[in-house]
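Worksheet: one structure, shown below.
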Amino acid sequence: MAMTTRQRARLSKTIQIVVFVAVILLLLFSLDWEKARYAFFSFEKLGPMFPDLIIIGLRNTLFYTVISFAFGLVLGLLLALMKMASFAPYRWFATGFIEFFRGIPAILVLLAFGFGIPQAFGTSWPQPVNVMLALGLVSSAYIAETLRAGLQAVPKGQTEAARSLGMPAWRAMVTIVIPQAFKIVLPPMTNEVILLTKDTSLAFILGASIAQYEMTKFGRDGITAIDAGLTPLVMAGLLYLIITIPLSLVARKFESRSARTKR
Amino acid sequence: MNTNTSTFKASGVSITGLHKSYGDNEVLKGIDLEVKPGEVVCLIGPSGSGKSTLLRCVNILEQPNAGTIHVGGFEATDPEVDLDKMRRTVGMVFQQFNLFPHLTVTQNCTVAQTKVLKRPAAEAKEIAHKNLTRVGLGDFGERYPDELSGGQQQRVAIARALSMDPTLMLFDEPTSALDPETVGEVLSIMRSLAKGGMTMLVVTHEMSFAKEVADRVVFMDGGVVVEEGRAKDVIGNPQQTRTQDFLKRVLDPTHVEISD
Ligand SMILES: Nc1ncnc2c1ncn2[C@@H]1O[C@H](COP(=O)(O)OP(=O)(O)O)[C@@H](O)[C@H]1O
Ligand SMILES: [Mg+2]
């Protein structure tokens, strides 16, 4: 009973679909619907979380994301330039810094700032500053690599043309190379913002006043404060998606646009 | 040619004992070359002979290992020289055009005028337009480089260089990346620059252009100047066998000698 290649492909596809549907059905039947609805979808009980979840939690999530990204961007650009510098110690420093902060979990950095680094400087900083420094340091390591790749993707002839018109190196960088690199790094940079948005949820481990809570902290407190199972976390999750999915769409748009103009 | 009708201020180039190596690979092995103000010199030679490297040493896009280069009033090889100031006077045209793709044609021609020479925007634009008109692209100012043909892009690159009022122009195989039908438009602009009295150092494989426009032709091979002289002598009646072999190959590409 010999099958043609096409018949075999069709059979294999059919088997895949059958298995997939079977797994879904199994999960649906083994689910206790009553308990699941209570645990995940008791939205009607979330009244007490509002409006604070939005006007404090969402606001702080966005706030922490923006200030951490701003700090990470400035530091990341500096690191990228250091990594490309002709002065070797700059390169060593940048490489060490980047490998260190890419290699350890963000939560460790956050804990260090929450429970030690300010004291080591003999002061204490407001929590937003700790979040900004910790997440900014971590994201700067990733941003530096993204920016370096973008800057190096601009052809060398661009710098040579700029220099041969009499532009100093910094001017060629600022006016000719960076604007072109910017277009190249927009999609990966948008992804950095998405990652950072989610990483701000780690801020909940630092004790803080209610005014400084971000969405995950609200969700977590909601679990104990409200009899709605995990629904407060589901709610927080939905709010994250409201931020991250549009960013994702924007990144994809940039990607297709630069694919079109780059001939 | 040195004529009193020249439209450009012209400066000369003087190169003595120029050496350049990349690691162990000595690419320029002691070059002496003189280009007088208003003179057009074509550099010819097989690929890999160091023509581009020589050209790029003139405005120090490559750092020479030894030798001296004078460009106009500047000593390019002096470690103290203000390279940015010197490069303003030296226009360079690349094989791959190297236009700035994120800027319009006009902006390509104004960006260095405003940022480097600090010319007011209006004046820079006027000068850009004058030079774009000179290369036949007066109506293309609002386009972006990737909307133009190769020949048009190279003409913009020439206008961009001219907008800095250079006293010397360097061309590195300006027509080698072009479709055959657009080579002529670029060459005719270069011809008119030469007529206007511009000092030009041109790397090219266009022998008929060299014969017609160059005051002098320099043949390089293996990092040395093998032969130089009046265009019609070097191209029409070469004395060195290496020059003869090269010209045979360039002028009749079907004529290939396979040596063992
Ligand atoms: N940046 C560089 N690094 C290393 N070697 C180079 C570099 N640029 C040129 N070369 C070498 O120098 C030699 C001469 O190159 P080039 O000046 O471009 O010759 P031409 O323009 O006559 O074809 C070649 O062997 C080339 O491989
Ligand atoms: Mg070359």
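Convention: chains lettered A, B, ... in structure tokens order; per-chain residue numbering from 1; ligands numbered from 1 as shown.
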Chain A near chain B within 6 Å: what's each residue's closest atom pair and its distance in Å to one decimal, counting only C-alpha atoms, ordered by chain then ascending residue number, as a Markdown table?
```
| residue | atom | partner | partner_atom | distance |
| --- | --- | --- | --- | --- |
| A:Gly157 | CA | B:Asn98 | CA | 5.7 |
| A:Gln158 | CA | B:Asn98 | CA | 5.7 |
| A:Ser164 | CA | B:Arg87 | CA | 5.5 |
| A:Leu165 | CA | B:Arg88 | CA | 5.5 |
| A:Gly166 | CA | B:Asp84 | CA | 4.4 |
```
10 Å shell around ligand 1 using only C-alpha atoms and all ligand atoms, listed as number ranges by chain
B: 20-28, 43-57, 62, 172-173, 203-204, 220-223
Restricting the calculation to only C-alpha atoms and all ligand atoms, which member of B:Arg230, B:His205, B:Arg249, B:Lys9 is positioned closest to ligand 2?
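Comparing B:Arg230, B:His205, B:Arg249, B:Lys9 against ligand 2, the winner is B:His205.
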Any idea what's packed within 10 Å of Val71 of chain B, counting only C-alpha atoms, ignoring anything in its chain fewer than 3 positions away? Could you give it as a list in words?
Ser11, Gly12, Val13, Ser14, Ile15, Val35, Val58, Asn59, Phe74, Glu75, Ala76, Thr77, Met86, Arg87, Thr89, Val90, Thr167 and Leu168 of chain B
Residues of the last selection are to be written out with N, CA and C atoms, as a PDB file, in the first residue's frame.
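Okay, result_25.pdb is ready:
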```
ATOM      1  N   SER B  11      43.571  73.813  -6.134  1.00  0.00           N
ATOM      2  CA  SER B  11      44.813  73.594  -5.408  1.00  0.00           C
ATOM      3  C   SER B  11      45.449  72.307  -5.910  1.00  0.00           C
ATOM      4  N   GLY B  12      46.708  72.141  -5.654  1.00  0.00           N
ATOM      5  CA  GLY B  12      47.425  70.975  -6.145  1.00  0.00           C
ATOM      6  C   GLY B  12      47.664  69.948  -5.059  1.00  0.00           C
ATOM      7  N   VAL B  13      48.200  68.819  -5.485  1.00  0.00           N
ATOM      8  CA  VAL B  13      48.550  67.748  -4.561  1.00  0.00           C
ATOM      9  C   VAL B  13      49.998  67.374  -4.816  1.00  0.00           C
ATOM     10  N   SER B  14      50.719  67.115  -3.746  1.00  0.00           N
ATOM     11  CA  SER B  14      52.102  66.701  -3.912  1.00  0.00           C
ATOM     12  C   SER B  14      52.396  65.571  -2.941  1.00  0.00           C
ATOM     13  N   ILE B  15      52.722  64.418  -3.509  1.00  0.00           N
ATOM     14  CA  ILE B  15      52.936  63.220  -2.697  1.00  0.00           C
ATOM     15  C   ILE B  15      54.379  62.769  -2.880  1.00  0.00           C
ATOM     16  N   VAL B  35      50.170  66.567  -8.609  1.00  0.00           N
ATOM     17  CA  VAL B  35      49.050  67.058  -9.413  1.00  0.00           C
ATOM     18  C   VAL B  35      49.046  68.569  -9.273  1.00  0.00           C
ATOM     19  N   VAL B  58      45.114  60.520   0.360  1.00  0.00           N
ATOM     20  CA  VAL B  58      45.210  61.951   0.095  1.00  0.00           C
ATOM     21  C   VAL B  58      44.371  62.743   1.096  1.00  0.00           C
ATOM     22  N   ASN B  59      43.157  62.261   1.429  1.00  0.00           N
ATOM     23  CA  ASN B  59      42.399  62.985   2.459  1.00  0.00           C
ATOM     24  C   ASN B  59      42.382  62.218   3.787  1.00  0.00           C
ATOM     25  N   PHE B  74      47.735  72.661   2.929  1.00  0.00           N
ATOM     26  CA  PHE B  74      47.795  71.770   4.092  1.00  0.00           C
ATOM     27  C   PHE B  74      48.845  70.687   3.901  1.00  0.00           C
ATOM     28  N   GLU B  75      49.513  70.338   5.003  1.00  0.00           N
ATOM     29  CA  GLU B  75      50.327  69.138   4.963  1.00  0.00           C
ATOM     30  C   GLU B  75      49.507  68.031   5.612  1.00  0.00           C
ATOM     31  N   ALA B  76      48.906  67.169   4.771  1.00  0.00           N
ATOM     32  CA  ALA B  76      47.962  66.162   5.262  1.00  0.00           C
ATOM     33  C   ALA B  76      48.617  65.192   6.233  1.00  0.00           C
ATOM     34  N   THR B  77      49.904  64.953   6.049  1.00  0.00           N
ATOM     35  CA  THR B  77      50.593  63.964   6.874  1.00  0.00           C
ATOM     36  C   THR B  77      51.162  64.553   8.161  1.00  0.00           C
ATOM     37  N   MET B  86      40.955  70.567   6.406  1.00  0.00           N
ATOM     38  CA  MET B  86      41.551  70.200   5.128  1.00  0.00           C
ATOM     39  C   MET B  86      40.526  69.480   4.239  1.00  0.00           C
ATOM     40  N   ARG B  87      39.781  68.569   4.853  1.00  0.00           N
ATOM     41  CA  ARG B  87      38.848  67.760   4.058  1.00  0.00           C
ATOM     42  C   ARG B  87      37.743  68.602   3.447  1.00  0.00           C
ATOM     43  N   THR B  89      38.126  71.110   1.809  1.00  0.00           N
ATOM     44  CA  THR B  89      38.589  71.618   0.522  1.00  0.00           C
ATOM     45  C   THR B  89      38.771  70.499  -0.499  1.00  0.00           C
ATOM     46  N   VAL B  90      38.540  69.244  -0.054  1.00  0.00           N
ATOM     47  CA  VAL B  90      38.775  68.087  -0.921  1.00  0.00           C
ATOM     48  C   VAL B  90      37.458  67.338  -1.125  1.00  0.00           C
ATOM     49  N   THR B 167      38.621  72.599  -3.703  1.00  0.00           N
ATOM     50  CA  THR B 167      39.649  73.053  -4.637  1.00  0.00           C
ATOM     51  C   THR B 167      40.343  71.864  -5.287  1.00  0.00           C
ATOM     52  N   LEU B 168      39.868  70.668  -4.921  1.00  0.00           N
ATOM     53  CA  LEU B 168      40.421  69.424  -5.459  1.00  0.00           C
ATOM     54  C   LEU B 168      39.329  68.372  -5.381  1.00  0.00           C
TER      55      LEU B 168
END
```
Per DSSP on the backbone, what are the helix (DSSP H, G or I) residues of segment 30-106 of chain B, as a VMD selection string?
chain B and resid 51 to 58 83 to 87 105 to 106
Dump as a PDB file, in the first residue's frame, selection limited to N, CA, C and O atoms:
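The result, written out as again29.pdb:
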```
ATOM      1  N   LYS B  51      45.274  51.673  -6.068  1.00  0.00           N
ATOM      2  CA  LYS B  51      44.759  52.963  -6.535  1.00  0.00           C
ATOM      3  C   LYS B  51      43.832  53.606  -5.499  1.00  0.00           C
ATOM      4  O   LYS B  51      43.980  54.781  -5.159  1.00  0.00           O
ATOM      5  N   SER B  52      42.870  52.810  -5.009  1.00  0.00           N
ATOM      6  CA  SER B  52      41.942  53.362  -4.015  1.00  0.00           C
ATOM      7  C   SER B  52      42.684  53.781  -2.762  1.00  0.00           C
ATOM      8  O   SER B  52      42.414  54.841  -2.184  1.00  0.00           O
ATOM      9  N   THR B  53      43.610  52.946  -2.334  1.00  0.00           N
ATOM     10  CA  THR B  53      44.365  53.253  -1.118  1.00  0.00           C
ATOM     11  C   THR B  53      45.103  54.581  -1.281  1.00  0.00           C
ATOM     12  O   THR B  53      45.089  55.426  -0.380  1.00  0.00           O
ATOM     13  N   LEU B  54      45.722  54.777  -2.433  1.00  0.00           N
ATOM     14  CA  LEU B  54      46.428  56.031  -2.696  1.00  0.00           C
ATOM     15  C   LEU B  54      45.471  57.222  -2.589  1.00  0.00           C
ATOM     16  O   LEU B  54      45.746  58.210  -1.916  1.00  0.00           O
ATOM     17  N   LEU B  55      44.313  57.083  -3.232  1.00  0.00           N
ATOM     18  CA  LEU B  55      43.331  58.163  -3.233  1.00  0.00           C
ATOM     19  C   LEU B  55      42.855  58.458  -1.806  1.00  0.00           C
ATOM     20  O   LEU B  55      42.722  59.612  -1.409  1.00  0.00           O
ATOM     21  N   ARG B  56      42.638  57.387  -1.048  1.00  0.00           N
ATOM     22  CA  ARG B  56      42.110  57.550   0.306  1.00  0.00           C
ATOM     23  C   ARG B  56      43.161  58.093   1.264  1.00  0.00           C
ATOM     24  O   ARG B  56      42.814  58.652   2.314  1.00  0.00           O
ATOM     25  N   CYS B  57      44.435  57.927   0.912  1.00  0.00           N
ATOM     26  CA  CYS B  57      45.489  58.528   1.725  1.00  0.00           C
ATOM     27  C   CYS B  57      45.512  60.042   1.553  1.00  0.00           C
ATOM     28  O   CYS B  57      45.892  60.771   2.468  1.00  0.00           O
ATOM     29  N   VAL B  58      45.114  60.520   0.360  1.00  0.00           N
ATOM     30  CA  VAL B  58      45.210  61.951   0.095  1.00  0.00           C
ATOM     31  C   VAL B  58      44.371  62.743   1.096  1.00  0.00           C
ATOM     32  O   VAL B  58      44.803  63.783   1.594  1.00  0.00           O
ATOM     33  N   LEU B  83      42.505  68.094  10.185  1.00  0.00           N
ATOM     34  CA  LEU B  83      42.027  67.254   9.082  1.00  0.00           C
ATOM     35  C   LEU B  83      40.645  67.677   8.603  1.00  0.00           C
ATOM     36  O   LEU B  83      40.361  67.663   7.408  1.00  0.00           O
ATOM     37  N   ASP B  84      39.767  68.035   9.560  1.00  0.00           N
ATOM     38  CA  ASP B  84      38.408  68.408   9.165  1.00  0.00           C
ATOM     39  C   ASP B  84      38.433  69.633   8.251  1.00  0.00           C
ATOM     40  O   ASP B  84      37.707  69.701   7.266  1.00  0.00           O
ATOM     41  N   LYS B  85      39.301  70.580   8.606  1.00  0.00           N
ATOM     42  CA  LYS B  85      39.400  71.800   7.818  1.00  0.00           C
ATOM     43  C   LYS B  85      39.961  71.477   6.427  1.00  0.00           C
ATOM     44  O   LYS B  85      39.506  72.006   5.417  1.00  0.00           O
ATOM     45  N   MET B  86      40.955  70.567   6.406  1.00  0.00           N
ATOM     46  CA  MET B  86      41.551  70.200   5.128  1.00  0.00           C
ATOM     47  C   MET B  86      40.526  69.480   4.239  1.00  0.00           C
ATOM     48  O   MET B  86      40.411  69.761   3.051  1.00  0.00           O
ATOM     49  N   ARG B  87      39.781  68.569   4.853  1.00  0.00           N
ATOM     50  CA  ARG B  87      38.848  67.760   4.058  1.00  0.00           C
ATOM     51  C   ARG B  87      37.743  68.602   3.447  1.00  0.00           C
ATOM     52  O   ARG B  87      37.147  68.213   2.440  1.00  0.00           O
ATOM     53  N   VAL B 105      17.704  64.721  -1.581  1.00  0.00           N
ATOM     54  CA  VAL B 105      18.810  65.117  -2.451  1.00  0.00           C
ATOM     55  C   VAL B 105      19.345  66.493  -2.042  1.00  0.00           C
ATOM     56  O   VAL B 105      20.552  66.695  -1.890  1.00  0.00           O
ATOM     57  N   THR B 106      18.428  67.442  -1.824  1.00  0.00           N
ATOM     58  CA  THR B 106      18.878  68.772  -1.409  1.00  0.00           C
ATOM     59  C   THR B 106      19.598  68.713  -0.072  1.00  0.00           C
ATOM     60  O   THR B 106      20.677  69.293   0.104  1.00  0.00           O
TER      61      THR B 106
END
```
Figure out the distance between atom CA of Phe218 of chain A and atom CA of Arg59 of chain A, please, to one decimal in Å.
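Those two atoms sit 12.0 Å apart.
When only C-alpha atoms and all ligand atoms are used to measure the gap to ligand 2, the shortest distance among B:Thr175, B:Thr68, B:Asn237, B:Gln244 belongs to B:Thr175.
For segment 37-190 of chain B, a DSSP pass over the backbone yields strand (DSSP E) at Val40, Val41, Cys42, Leu43, Ile44, Ala66, Gly67, Thr68, Ile69, His70, Val71, Phe74, Glu75, Val90, Gly91, Met92, Val93, Leu168, Met169, Leu170, Phe171 and Asp172 of chain B.
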If we count only C-alpha atoms and set the cut-off at 9 Å, which residues sit around Leu137 of chain B, ignoring sequence neighbours fewer than 6 positions away in its own chain? Please answer as a PyMOL selection string.
chain B and resi 129+131+152+155-156
Selection file, N, CA, C and O atoms, as an mmCIF file, in the first residue's frame:
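Dumped everything to result.cif:
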```
data_model
loop_
_atom_site.group_PDB
_atom_site.id
_atom_site.type_symbol
_atom_site.label_atom_id
_atom_site.label_comp_id
_atom_site.auth_asym_id
_atom_site.auth_seq_id
_atom_site.Cartn_x
_atom_site.Cartn_y
_atom_site.Cartn_z
ATOM 1 N N HIS B 129 21.147 74.011 -4.914
ATOM 2 C CA HIS B 129 20.338 74.035 -6.131
ATOM 3 C C HIS B 129 21.183 74.368 -7.352
ATOM 4 O O HIS B 129 21.027 73.777 -8.421
ATOM 5 N N ASN B 131 24.306 73.686 -7.762
ATOM 6 C CA ASN B 131 25.137 72.535 -8.124
ATOM 7 C C ASN B 131 24.316 71.369 -8.655
ATOM 8 O O ASN B 131 24.765 70.628 -9.531
ATOM 9 N N GLN B 152 22.049 58.969 -11.692
ATOM 10 C CA GLN B 152 21.546 60.173 -11.020
ATOM 11 C C GLN B 152 22.139 60.295 -9.622
ATOM 12 O O GLN B 152 22.508 61.382 -9.187
ATOM 13 N N ARG B 155 25.554 61.591 -9.784
ATOM 14 C CA ARG B 155 25.571 63.023 -10.089
ATOM 15 C C ARG B 155 25.243 63.834 -8.838
ATOM 16 O O ARG B 155 25.825 64.898 -8.602
ATOM 17 N N VAL B 156 24.319 63.320 -8.003
ATOM 18 C CA VAL B 156 24.041 63.997 -6.735
ATOM 19 C C VAL B 156 25.295 64.008 -5.862
ATOM 20 O O VAL B 156 25.633 65.018 -5.232
#
```
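Between atom CA of Gly150 of chain A and atom 1 (Mg, counted along the ligand's line) of ligand 2 lies a distance of 27.2 Å.
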Measuring atom to atom with only C-alpha atoms and all ligand atoms, identify which of B:Gln95, B:Val250, B:Gly151, B:Pro238 is nearest to ligand 2.
B:Gln95
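Around Phe71 of chain A, within 8 Å and counting only C-alpha atoms, the residues found are Met132, Leu133, Gly136, Leu137 and Ser140 of chain A, once anything fewer than 5 positions away on its own chain is removed.
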Quick one: everything within 12 Å of Leu233 of chain A, counting only C-alpha atoms, minus sequence neighbours fewer than 5 positions away in the same chain. Send it as a VMD selection string.
chain A and resid 39 to 43 46 49 53 201 215 to 224 226 228 238 to 240
From the set B:Val202, B:Leu148, B:Val186, B:Met169, which residue has the shortest atom-to-atom contact distance to ligand 2, counting only C-alpha atoms and all ligand atoms?
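Selected residue with least distance to ligand 2: B:Val202.
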B:Glu227, B:Thr199, B:Ser176, B:Val218: which is nearest ligand 2, counting only C-alpha atoms and all ligand atoms?
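Using only C-alpha atoms and all ligand atoms, ligand 2 sits closest to B:Ser176.
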Excluding segment 206-213 of chain A and residues on its chain fewer than 2 positions from it, collect all residues at most 9 Å away from it, counting only C-alpha atoms, and give them as number ranges by chain.
A: 53, 56-57, 60-61, 110-111, 114-115, 127-128, 131, 202-204, 215-218
